[in-house]
Amino acid sequence: MYRERMFNRGQNGYNRLLADHTYLNKDTEEEFLCYGYRTDQCKEAVFLVLVVLTGGLVLLLLQWRPQMVCYLRKRRCSLSHADTILLQDTYKQYSIASIEEKTFPQSCQFLKDFVSSGTQAVDSDYESPADTSGLIVSQEEFKLRYFDHQHVRYLWDRGSQVFSKLKDLSEGTKCVNIQESFYGLSAREQNQKQLVYGENSIEVEVKSYWRLFIEEVMNPFYVFQIASIILWLCDQYYYYAACILFISLMSIGISLYETKRQSKTLHDMVSTQAQTISVCRGEEVYEDVPTGKLVPGDVIAIPQHGCVMTCDAVLITGTCIVNESMLTGESVPVTKTPMTHQEDEEVYSPDNHKRHTLFSGTHILQTRFYGNSKVKAVVVRTGFRTAKGELVRAILFPKPLDMKFYRDAMKFILFLGCMAALGMTYSIIIYVKQGIYPMKIVVRVLDIITIIVPPALPAAMTVGTVFAQSRLKKKGIYCISPPRINFCGRLDVFCFDKTGTLTEDGLDMLGVLPIKNAGFCGVVDDPSTLEVGPFLTCMATCHSLTVIDGELSGDPLDLIMFNSTKWVLEEPGKDTSKFDTIMPTVVRPCTKDTFTSSENPFEVGIIRQFTFSSSVQRMSVITRTLSEDGMQLFCKGAPEKIASLCQQDTVPHEFHDILHRYTIQGYRVIALAHKKMDPKLTWHQAQRISRDKVEFNMTFLGMIVLQNKLKPETKPAIHKLREARIRTVMVTGDMIQTAISVARNCGMIPIKDRVIIIEASPPDAHGPANIKWVTAETPDEGTDYYTDSDYLEDVHIDLENPHKMHNFHFAVSGQAFAVLTTHFPEYIPRVVVKGTVFARMSPDQKLQLIEELQNIGYNVGMCGDGANDCEALKAAHAGISLSEAEASVAAPFTSSIPNIECVIRVMREGRAALVTSFGCFKYMALYSFIQYVSVLILYTFDANLADMQFLYVDLVITTSVAVLMGYSGAYHKLVPQRPPGSLVKPSNLLSIIAQILLVIIFQISAFLYLHFQPWYKPAPKNLDADNTHCWETTVIFLVSTYQYIASAFVFSKGPPFREPIYKNVPFLLTLCSLFAFSTYLLMLPFKPILDFFNLMELHTKSVEFRSVLLAFSVGFIFAACLLEYLIMDVKCTKKCLNSCSHCCGNGDEKKDHYRKIQNEIQLSNWPPIGQVTYASLNEPHVEIEEELMRSQGAILVN
């Protein structure tokens, strides 16, 4: 057995040694399939021959398809011998990275230790005595192989035969090691580490104009333009080619300017000025070094007057007041405290220990320290590995946006290519029969490609987005990801954070409920009137407030609580004798006796602070009162959590009833508690003691009741969203009863709709995981919270089955959501479909909810204040951060409008942009077909359009129309209809096909009318096939100009997604001018103008002939409008087309998924209200209590 095991291990190691591919970052969002390649001299020689034979065109292929570099120039090999890595991401996109090597002396012990502990074997059976053995080059030095991809470095470990992401102290490092194992690196160690980690900087490259020009010209769109220009020059269309070249250069110039401006804006937003910082070299020796030289393991001293952090670092001594608005969009200062020994055995995580972590890009406002000691922090991450760096990487390398519109556009372009092939085949047959010169046949046939696939198509499709982004910016909404604007037009559900988003940031003090004689003594409106005692002292001390520039600042809840006491707060001063050589924050009552008494005044010093954590739902402080022995602990937090940590005989028996009474009305309730500490506890012990050693067996003091009012704009905005059939969801960290109340207040949950609270419990010793389906109570009749008739909706109850309710909403807590995810995953789709309130949700759970909604086909929007919502905001199709900043990296959209009205505006602009993109695409497609039909008709009779005719159609008509078409603003209201999401939808295809048929009919009719004129003579035969001055060309050109104008008009629809066309004045004036000019050319021909356009002498023909041609043209306009507005847009036609689509199976299955779930719920008796569902049986277990029976009876009565 032993030999067999050793053989298997050796075999596994051998297999890995020969492996030519592996996975990087397995099972993560950044998973890559990694292939090894190395240079092949034979392939290089063949490649050079290919370059010469193709005139360098093969180099373009390498530019567009990076993987071809490996296929054509290199050969596959094992990763251990590769010099190039081919990476394929989960979206099937390829990129290439070169493997670099660095040689280090054997004295670099840190690197050997790092590699041996920082990489993991692929196969757990593989055992390597030393993972660094593969690095050794000689006895004096060893070699490090690595490659960089998207600003992340991957190191090669021969032991496991894989590349692994470069690790730092944020991965797998115990908290105790961070506190006790780092005393400062020497300059030599720092320099050696920097060779591995690179410079500590986040630099967004701002490319030179020349480099941008080369990259832009290599774009397939411009390569196609260049090829088209060469073709037109060969066909002697000199004026047309020159104009297109000029416009292309102008377009490139504008594009380069815009690209460089955006790059510079992002560069300026994320970069920090060069600065120095004090670094510990051990033994309290400090040296000022540039921040760019910092590496993980450095111990830095935070400047007393603050700085901008350039790395992620963990505080080990002192405290800091930090503004994190750059990362989160939340401008409220945050207090960062040093890591404590209670966390010694925990593995450090930037997310779990963020209260101790100073993040890169955040602004340190103030530092707090004791005596002459410094505020010190250990650097854990640098450069692009920091939290800020990860956000910047997400901007630089975004996930591909899976917009069906763009996929359909590519399919349609492919269809146009097929049509071009048919036209080319037809032209070849015609020209061969006519005996045209072969060279001319080639030029004419290739010219069809430039006609049917217009080069300006990609640019025209982005016009709507550009104008929408400009309009949003004028309204204070900034977008750092313009393609997301189109996504806003297809949103089905919008999730909202509560505090600061739906409700005001600030809170109003309703009153306090102190304990007296083991019971609540009633509401006290003004807490400052209470006697000085534990309750008032707790309110004055249990907070994280600080004085910045002479002004008290901090969490809004802490501010309202402290200000209501009318006490004063003093920051640490020079006089420290009163508190045993420490420098605490001091609070005291603002009374005459406090300041004039000769005796020791009543003052309380805050010795230690346990900051608020959403995971424990509380914060606490250790204090000492002047002239009193011993210390006290004061604690505040979620009432149910605080009550569970108190002596139960101190918690009033009516606690739950009182709490329920206030939370169900939407009030924010905070509970207070205190505890006298052991008199022997010293200051130094207080600094090291863990919170779980003190936060127990406390005395319950009472509760604070605060009112968190809705923002005035919230209720109307929610009402508009509901009218537009946009589902609204609340995702908050607040209590579930408070969240339900706010949801009812703002109209998310209509008056008569029932709320079902999902109470899920994990498995325990008494049984498996289970779900209780409990109907939530509603406030008493007559309250002023739910009397708005605008939000009334009928609730449908099946009298034979009271459990069956169509209008119900789930309310889920974070704990219940976690249980559902783990033990009842099959219920998750139903819960997220009917869930309206998700309370006590952690940031990770918010992200998970967004992803679950997306998985069942919803297009999801998210709006939050940015503090705890960053991940969810970035994951949503449209994330909007409410922030005063002009732009932040917290979300694709940043709104300086501090309320959810911005959601309405963004959705309206998104719909307008999407409809404009559709309109422009349909117009460009029809424009191509109009010209395509014209050219094929003329080719049949050995004729073609003249140079100036092409120029007039492509530049004067099409360019001006395509640009101004997107100038129409968004419609003033959201409507229930959604804009189309697919170009290949039957209604769109039928619309385009019908218009094409009209074009063919009217052009052929006009030509036949010409053909039957007694004076008509066919164009003379020309073997060059360049007859442009003939009657065929004149008639087809004049009639087609009206068709271009008509197409622009019919595809520029206004309501319900855009403003009416008459409000787009420039566009309307352009159409009228073009119509007038075409009519002038036809009816009042002026010979110089006719000569300029190479037209025949129309003035020599009868007015009747010209009038009939005008009638044909006007008739086409009326027919096109009739077809588009009276046939395609009527409900009957749309229903028929939708039915056909579903019958043919062309529906979007993913999109229909959540609708199927809705229908299933509608037709079933689910959920089992008043029952319990167990994970083991997965069947309802009937446990209907008497109270639940009464609630069901109440439903029947209503």
# chains A, B, ... in the order shown; residues from 1 in each chain; ligands from 1

call {"tool": "select_by_dssp", "arguments": {"residues": "region 550-738 of chain A", "states": "alpha helix (DSSP H)", "output": "PyMOL selection string"}}
result
chain A and resi 556-565+592-596+639-645+655-663+683-688+714-723+736-738

call {"tool": "residues_around", "arguments": {"residues": "region 829-835 of chain A", "least_positions_apart": "6", "cutoff": "8 Å", "atoms": "only C-alpha atoms", "output": "MDAnalysis selection string"}}
result
chainID A and resid 729 808:812 849 852:853 856 1154 1157:1158 1161

call {"tool": "residues_around", "arguments": {"residues": "region 745-762 of chain A", "least_positions_apart": "4", "cutoff": "6 Å", "atoms": "only C-alpha atoms", "output": "compact mmCIF listing (two decimals) with N, CA, C and O atoms, in the first residue's frame"}}
result
# COMPACT_ATOMS: atom_id res chain seq x y z
N LYS A 715 -42.03 58.53 -1.62
CA LYS A 715 -43.35 57.96 -1.88
C LYS A 715 -43.80 58.22 -3.33
O LYS A 715 -44.25 57.29 -4.02
N ALA A 769 -33.38 21.88 10.07
CA ALA A 769 -33.74 23.26 9.71
C ALA A 769 -35.21 23.33 9.35
O ALA A 769 -35.77 22.39 8.80
N ASN A 770 -35.82 24.47 9.67
CA ASN A 770 -37.25 24.59 9.41
C ASN A 770 -37.62 26.02 9.06
O ASN A 770 -36.86 26.95 9.32
N ILE A 771 -38.78 26.15 8.43
CA ILE A 771 -39.32 27.46 8.05
C ILE A 771 -40.71 27.60 8.65
O ILE A 771 -41.55 26.71 8.50
N LYS A 772 -40.93 28.73 9.30
CA LYS A 772 -42.27 29.07 9.75
C LYS A 772 -42.80 30.19 8.86
O LYS A 772 -42.11 31.20 8.66
N TRP A 773 -44.00 30.02 8.35
CA TRP A 773 -44.62 31.00 7.46
C TRP A 773 -45.64 31.79 8.29
O TRP A 773 -46.74 31.31 8.54
N VAL A 774 -45.23 32.97 8.74
CA VAL A 774 -46.03 33.73 9.70
C VAL A 774 -46.56 35.00 9.05
O VAL A 774 -45.81 35.75 8.42
N THR A 775 -47.87 35.24 9.20
CA THR A 775 -48.46 36.46 8.68
C THR A 775 -48.12 37.63 9.59
O THR A 775 -48.34 37.57 10.81
N ALA A 776 -47.56 38.70 9.03
CA ALA A 776 -47.19 39.87 9.81
C ALA A 776 -48.43 40.66 10.21
O ALA A 776 -49.42 40.71 9.47
N TYR A 785 -50.60 56.30 8.60
CA TYR A 785 -49.52 55.79 7.77
C TYR A 785 -50.01 55.15 6.48
O TYR A 785 -49.31 55.06 5.51
N TYR A 791 -52.56 54.38 -3.21
CA TYR A 791 -51.84 53.12 -3.11
C TYR A 791 -52.76 51.95 -2.80
O TYR A 791 -52.33 50.87 -2.50
N LEU A 792 -54.08 52.20 -2.83
CA LEU A 792 -55.03 51.13 -2.53
C LEU A 792 -55.05 50.11 -3.66
O LEU A 792 -55.09 50.46 -4.83
N VAL A 795 -57.15 43.10 -2.55
CA VAL A 795 -56.49 41.84 -2.26
C VAL A 795 -57.49 40.73 -2.53
O VAL A 795 -58.63 40.78 -2.12
N ASN A 807 -52.07 38.55 -3.70
CA ASN A 807 -51.31 39.75 -3.38
C ASN A 807 -50.67 39.59 -2.01
O ASN A 807 -51.22 40.01 -1.00
N PHE A 808 -49.54 38.96 -1.98
CA PHE A 808 -48.79 38.85 -0.73
C PHE A 808 -47.32 39.12 -1.00
O PHE A 808 -46.85 39.04 -2.14
N HIS A 809 -46.63 39.45 0.06
CA HIS A 809 -45.22 39.80 -0.04
C HIS A 809 -44.46 39.07 1.05
O HIS A 809 -44.93 38.98 2.18
N PHE A 810 -43.28 38.56 0.70
CA PHE A 810 -42.43 37.94 1.71
C PHE A 810 -41.55 39.00 2.36
O PHE A 810 -41.06 39.93 1.70
N ALA A 811 -41.33 38.84 3.66
CA ALA A 811 -40.34 39.62 4.39
C ALA A 811 -39.35 38.62 4.97
O ALA A 811 -39.75 37.66 5.65
N VAL A 812 -38.07 38.81 4.66
CA VAL A 812 -37.05 37.83 5.02
C VAL A 812 -35.92 38.53 5.75
O VAL A 812 -35.45 39.60 5.31
N ALA A 816 -32.68 34.30 8.12
CA ALA A 816 -33.57 33.39 7.39
C ALA A 816 -33.06 33.17 5.97
O ALA A 816 -33.13 32.05 5.44
N VAL A 819 -30.35 30.61 6.01
CA VAL A 819 -30.89 29.26 6.20
C VAL A 819 -31.52 28.76 4.90
O VAL A 819 -31.32 27.60 4.50

call {"tool": "residues_around", "arguments": {"residues": "Asp947 (chain A)", "least_positions_apart": "4", "cutoff": "7 Å", "atoms": "only C-alpha atoms", "output": "PyMOL selection string"}}
result
chain A and resi 237+239-240+951

call {"tool": "write_last_selection", "arguments": {"atoms": "N, CA, C and O atoms", "output": "short mmCIF file (atom, residue, chain, number, x, y, z; two decimals), in the first residue's frame"}}
result
data_model
loop_
_atom_site.label_atom_id
_atom_site.label_comp_id
_atom_site.auth_asym_id
_atom_site.auth_seq_id
_atom_site.Cartn_x
_atom_site.Cartn_y
_atom_site.Cartn_z
N TYR A 237 -14.30 57.64 -57.48
CA TYR A 237 -15.18 58.46 -56.64
C TYR A 237 -14.29 59.32 -55.73
O TYR A 237 -14.25 59.14 -54.51
N TYR A 239 -14.19 62.68 -54.93
CA TYR A 239 -14.80 63.60 -53.97
C TYR A 239 -15.39 62.83 -52.78
O TYR A 239 -15.23 63.21 -51.61
N TYR A 240 -16.09 61.76 -53.12
CA TYR A 240 -16.74 60.98 -52.06
C TYR A 240 -15.69 60.38 -51.13
O TYR A 240 -15.81 60.45 -49.90
N LEU A 951 -22.41 61.14 -52.26
CA LEU A 951 -21.97 62.08 -51.22
C LEU A 951 -23.18 62.72 -50.54
O LEU A 951 -23.22 62.83 -49.30
#

call {"tool": "residues_around", "arguments": {"residues": "region 408-421 of chain A", "least_positions_apart": "6", "cutoff": "7 Å", "atoms": "only C-alpha atoms", "output": "list in words"}}
result
Ile448, Ile449, Ile452, Val453, Ser982, Leu983 and Val984 of chain A

call {"tool": "closest_residue", "arguments": {"among": "A:Arg407, A:Lys693, A:His674, A:Lys1053", "to": "Tyr1125 (chain A)", "atoms": "only C-alpha atoms"}}
result
A:Lys1053

call {"tool": "residues_around", "arguments": {"residues": "region 498-500 of chain A", "least_positions_apart": "4", "cutoff": "6 Å", "atoms": "only C-alpha atoms", "output": "PyMOL selection string"}}
result
chain A and resi 504-505+732

call {"tool": "atom_distance", "arguments": {"atom1": "CA of Glu1097 (chain A)", "atom2": "CA of Tyr1016 (chain A)"}}
result
12.8 Å

call {"tool": "residues_around", "arguments": {"residues": "Val152 (chain A)", "least_positions_apart": "4", "cutoff": "8 Å", "atoms": "only C-alpha atoms", "output": "short mmCIF file (atom, residue, chain, number, x, y, z; two decimals) with all heavy atoms, in the first residue's frame"}}
result
data_model
loop_
_atom_site.label_atom_id
_atom_site.label_comp_id
_atom_site.auth_asym_id
_atom_site.auth_seq_id
_atom_site.Cartn_x
_atom_site.Cartn_y
_atom_site.Cartn_z
N ASP A 148 2.31 38.84 -15.36
CA ASP A 148 1.32 39.82 -14.91
C ASP A 148 0.14 39.81 -15.87
O ASP A 148 0.32 39.80 -17.09
CB ASP A 148 1.92 41.23 -14.86
CG ASP A 148 3.03 41.34 -13.81
OD1 ASP A 148 2.93 40.64 -12.80
OD2 ASP A 148 3.98 42.12 -14.02
N LYS A 165 -1.79 33.16 -7.71
CA LYS A 165 -1.84 34.60 -7.51
C LYS A 165 -0.89 35.01 -6.38
O LYS A 165 -0.82 34.34 -5.34
CB LYS A 165 -3.26 35.04 -7.19
CG LYS A 165 -3.43 36.55 -7.08
CD LYS A 165 -4.83 36.94 -6.63
CE LYS A 165 -5.87 36.65 -7.67
NZ LYS A 165 -7.20 37.20 -7.29
N LEU A 166 -0.16 36.09 -6.60
CA LEU A 166 0.74 36.61 -5.59
C LEU A 166 -0.05 36.95 -4.32
O LEU A 166 -1.02 37.70 -4.37
CB LEU A 166 1.44 37.86 -6.12
CG LEU A 166 2.34 38.62 -5.15
CD1 LEU A 166 3.50 37.75 -4.68
CD2 LEU A 166 2.87 39.90 -5.80
N PHE A 384 -2.50 47.53 -6.93
CA PHE A 384 -3.80 47.09 -7.44
C PHE A 384 -4.40 45.95 -6.61
O PHE A 384 -5.51 45.53 -6.88
CB PHE A 384 -3.68 46.65 -8.90
CG PHE A 384 -3.70 47.80 -9.87
CD1 PHE A 384 -2.52 48.35 -10.33
CD2 PHE A 384 -4.90 48.33 -10.30
CE1 PHE A 384 -2.53 49.41 -11.23
CE2 PHE A 384 -4.93 49.39 -11.19
CZ PHE A 384 -3.74 49.93 -11.65
N ARG A 385 -3.66 45.46 -5.61
CA ARG A 385 -4.23 44.42 -4.74
C ARG A 385 -5.07 45.02 -3.62
O ARG A 385 -5.76 44.29 -2.91
CB ARG A 385 -3.10 43.57 -4.14
CG ARG A 385 -2.38 42.71 -5.17
CD ARG A 385 -1.19 41.99 -4.58
NE ARG A 385 -0.14 42.92 -4.15
CZ ARG A 385 0.76 43.44 -4.96
NH1 ARG A 385 0.75 43.11 -6.26
NH2 ARG A 385 1.68 44.28 -4.52
#

call {"tool": "closest_residue", "arguments": {"among": "A:Tyr23, A:Phe700, A:Tyr426, A:Phe1075", "to": "Ala1046 (chain A)", "atoms": "only C-alpha atoms"}}
result
A:Phe1075

call {"tool": "closest_residue", "arguments": {"among": "A:Ile1169, A:Ala518, A:Leu1084, A:Cys920", "to": "Pro458 (chain A)", "atoms": "only C-alpha atoms"}}
result
A:Cys920

call {"tool": "atom_distance", "arguments": {"atom1": "CA of Pro589 (chain A)", "atom2": "CA of Leu633 (chain A)"}}
result
18.8 Å

call {"tool": "atom_distance", "arguments": {"atom1": "CA of Arg744 (chain A)", "atom2": "CA of Leu710 (chain A)"}}
result
11.2 Å

call {"tool": "decode", "arguments": {"residues": "region 507-543 of chain A", "atoms": "N, CA and C atoms", "output": "PDB file, in the first residue's frame"}}
result
ATOM      1  N   LEU A 507     -31.985  61.378  11.967  1.00  0.00           N
ATOM      2  CA  LEU A 507     -33.075  60.809  12.753  1.00  0.00           C
ATOM      3  C   LEU A 507     -33.641  61.880  13.668  1.00  0.00           C
ATOM      4  N   ASP A 508     -34.895  61.732  14.004  1.00  0.00           N
ATOM      5  CA  ASP A 508     -35.534  62.625  14.975  1.00  0.00           C
ATOM      6  C   ASP A 508     -35.783  61.850  16.256  1.00  0.00           C
ATOM      7  N   MET A 509     -35.443  62.468  17.370  1.00  0.00           N
ATOM      8  CA  MET A 509     -35.646  61.821  18.655  1.00  0.00           C
ATOM      9  C   MET A 509     -37.121  61.887  19.040  1.00  0.00           C
ATOM     10  N   LEU A 510     -37.769  60.721  19.076  1.00  0.00           N
ATOM     11  CA  LEU A 510     -39.160  60.682  19.528  1.00  0.00           C
ATOM     12  C   LEU A 510     -39.234  60.702  21.045  1.00  0.00           C
ATOM     13  N   GLY A 511     -38.280  60.024  21.689  1.00  0.00           N
ATOM     14  CA  GLY A 511     -38.255  59.976  23.141  1.00  0.00           C
ATOM     15  C   GLY A 511     -37.453  58.781  23.614  1.00  0.00           C
ATOM     16  N   VAL A 512     -37.336  58.665  24.944  1.00  0.00           N
ATOM     17  CA  VAL A 512     -36.614  57.547  25.541  1.00  0.00           C
ATOM     18  C   VAL A 512     -37.532  56.828  26.514  1.00  0.00           C
ATOM     19  N   LEU A 513     -37.242  55.551  26.739  1.00  0.00           N
ATOM     20  CA  LEU A 513     -38.022  54.723  27.664  1.00  0.00           C
ATOM     21  C   LEU A 513     -37.080  54.147  28.715  1.00  0.00           C
ATOM     22  N   PRO A 514     -36.752  54.912  29.757  1.00  0.00           N
ATOM     23  CA  PRO A 514     -35.858  54.384  30.796  1.00  0.00           C
ATOM     24  C   PRO A 514     -36.575  53.389  31.700  1.00  0.00           C
ATOM     25  N   ILE A 515     -35.791  52.557  32.371  1.00  0.00           N
ATOM     26  CA  ILE A 515     -36.329  51.559  33.305  1.00  0.00           C
ATOM     27  C   ILE A 515     -36.431  52.180  34.707  1.00  0.00           C
ATOM     28  N   LYS A 516     -37.547  51.910  35.340  1.00  0.00           N
ATOM     29  CA  LYS A 516     -37.738  52.346  36.722  1.00  0.00           C
ATOM     30  C   LYS A 516     -38.601  51.308  37.429  1.00  0.00           C
ATOM     31  N   ASN A 517     -38.091  50.804  38.558  1.00  0.00           N
ATOM     32  CA  ASN A 517     -38.807  49.779  39.321  1.00  0.00           C
ATOM     33  C   ASN A 517     -39.157  48.567  38.451  1.00  0.00           C
ATOM     34  N   ALA A 518     -38.146  48.103  37.713  1.00  0.00           N
ATOM     35  CA  ALA A 518     -38.266  46.890  36.896  1.00  0.00           C
ATOM     36  C   ALA A 518     -39.288  47.005  35.776  1.00  0.00           C
ATOM     37  N   GLY A 519     -39.629  48.227  35.393  1.00  0.00           N
ATOM     38  CA  GLY A 519     -40.563  48.423  34.300  1.00  0.00           C
ATOM     39  C   GLY A 519     -40.298  49.734  33.598  1.00  0.00           C
ATOM     40  N   PHE A 520     -40.844  49.876  32.387  1.00  0.00           N
ATOM     41  CA  PHE A 520     -40.689  51.124  31.652  1.00  0.00           C
ATOM     42  C   PHE A 520     -41.523  52.211  32.325  1.00  0.00           C
ATOM     43  N   CYS A 521     -40.938  53.388  32.451  1.00  0.00           N
ATOM     44  CA  CYS A 521     -41.638  54.468  33.156  1.00  0.00           C
ATOM     45  C   CYS A 521     -42.342  55.425  32.209  1.00  0.00           C
ATOM     46  N   GLY A 522     -42.503  55.036  30.965  1.00  0.00           N
ATOM     47  CA  GLY A 522     -43.179  55.895  30.006  1.00  0.00           C
ATOM     48  C   GLY A 522     -42.202  56.687  29.163  1.00  0.00           C
ATOM     49  N   VAL A 523     -42.724  57.293  28.104  1.00  0.00           N
ATOM     50  CA  VAL A 523     -41.882  58.022  27.159  1.00  0.00           C
ATOM     51  C   VAL A 523     -41.476  59.372  27.736  1.00  0.00           C
ATOM     52  N   VAL A 524     -40.166  59.658  27.701  1.00  0.00           N
ATOM     53  CA  VAL A 524     -39.638  60.957  28.103  1.00  0.00           C
ATOM     54  C   VAL A 524     -39.200  61.661  26.831  1.00  0.00           C
ATOM     55  N   ASP A 525     -39.863  62.748  26.487  1.00  0.00           N
ATOM     56  CA  ASP A 525     -39.586  63.435  25.217  1.00  0.00           C
ATOM     57  C   ASP A 525     -38.203  64.059  25.185  1.00  0.00           C
ATOM     58  N   ASP A 526     -37.761  64.634  26.306  1.00  0.00           N
ATOM     59  CA  ASP A 526     -36.471  65.335  26.354  1.00  0.00           C
ATOM     60  C   ASP A 526     -35.535  64.600  27.300  1.00  0.00           C
ATOM     61  N   PRO A 527     -34.600  63.811  26.781  1.00  0.00           N
ATOM     62  CA  PRO A 527     -33.709  63.030  27.656  1.00  0.00           C
ATOM     63  C   PRO A 527     -32.864  63.895  28.588  1.00  0.00           C
ATOM     64  N   SER A 528     -32.604  65.149  28.194  1.00  0.00           N
ATOM     65  CA  SER A 528     -31.750  66.005  29.029  1.00  0.00           C
ATOM     66  C   SER A 528     -32.393  66.328  30.374  1.00  0.00           C
ATOM     67  N   THR A 529     -33.688  66.092  30.512  1.00  0.00           N
ATOM     68  CA  THR A 529     -34.368  66.369  31.780  1.00  0.00           C
ATOM     69  C   THR A 529     -34.218  65.223  32.773  1.00  0.00           C
ATOM     70  N   LEU A 530     -33.664  64.086  32.313  1.00  0.00           N
ATOM     71  CA  LEU A 530     -33.454  62.964  33.220  1.00  0.00           C
ATOM     72  C   LEU A 530     -32.328  63.266  34.196  1.00  0.00           C
ATOM     73  N   GLU A 531     -32.400  62.617  35.346  1.00  0.00           N
ATOM     74  CA  GLU A 531     -31.314  62.746  36.300  1.00  0.00           C
ATOM     75  C   GLU A 531     -30.055  62.077  35.743  1.00  0.00           C
ATOM     76  N   VAL A 532     -28.911  62.643  36.155  1.00  0.00           N
ATOM     77  CA  VAL A 532     -27.649  62.056  35.723  1.00  0.00           C
ATOM     78  C   VAL A 532     -27.530  60.669  36.338  1.00  0.00           C
ATOM     79  N   GLY A 533     -27.415  59.690  35.498  1.00  0.00           N
ATOM     80  CA  GLY A 533     -27.350  58.311  35.942  1.00  0.00           C
ATOM     81  C   GLY A 533     -26.880  57.426  34.807  1.00  0.00           C
ATOM     82  N   PRO A 534     -26.932  56.112  35.003  1.00  0.00           N
ATOM     83  CA  PRO A 534     -26.429  55.205  33.961  1.00  0.00           C
ATOM     84  C   PRO A 534     -27.090  55.400  32.600  1.00  0.00           C
ATOM     85  N   PHE A 535     -28.417  55.630  32.564  1.00  0.00           N
ATOM     86  CA  PHE A 535     -29.107  55.770  31.274  1.00  0.00           C
ATOM     87  C   PHE A 535     -28.571  56.965  30.502  1.00  0.00           C
ATOM     88  N   LEU A 536     -28.527  58.138  31.150  1.00  0.00           N
ATOM     89  CA  LEU A 536     -28.066  59.356  30.480  1.00  0.00           C
ATOM     90  C   LEU A 536     -26.580  59.267  30.152  1.00  0.00           C
ATOM     91  N   THR A 537     -25.800  58.667  31.067  1.00  0.00           N
ATOM     92  CA  THR A 537     -24.362  58.518  30.817  1.00  0.00           C
ATOM     93  C   THR A 537     -24.113  57.607  29.623  1.00  0.00           C
ATOM     94  N   CYS A 538     -24.930  56.549  29.505  1.00  0.00           N
ATOM     95  CA  CYS A 538     -24.794  55.649  28.346  1.00  0.00           C
ATOM     96  C   CYS A 538     -25.052  56.407  27.058  1.00  0.00           C
ATOM     97  N   MET A 539     -26.086  57.241  27.015  1.00  0.00           N
ATOM     98  CA  MET A 539     -26.386  58.032  25.821  1.00  0.00           C
ATOM     99  C   MET A 539     -25.250  58.989  25.481  1.00  0.00           C
ATOM    100  N   ALA A 540     -24.556  59.498  26.511  1.00  0.00           N
ATOM    101  CA  ALA A 540     -23.508  60.501  26.292  1.00  0.00           C
ATOM    102  C   ALA A 540     -22.163  59.890  25.942  1.00  0.00           C
ATOM    103  N   THR A 541     -21.973  58.604  26.236  1.00  0.00           N
ATOM    104  CA  THR A 541     -20.645  58.007  26.038  1.00  0.00           C
ATOM    105  C   THR A 541     -20.596  56.928  24.966  1.00  0.00           C
ATOM    106  N   CYS A 542     -21.698  56.199  24.762  1.00  0.00           N
ATOM    107  CA  CYS A 542     -21.669  55.033  23.873  1.00  0.00           C
ATOM    108  C   CYS A 542     -21.864  55.467  22.422  1.00  0.00           C
ATOM    109  N   HIS A 543     -20.815  56.006  21.843  1.00  0.00           N
ATOM    110  CA  HIS A 543     -20.860  56.501  20.458  1.00  0.00           C
ATOM    111  C   HIS A 543     -19.446  56.562  19.910  1.00  0.00           C
TER     112      HIS A 543
END
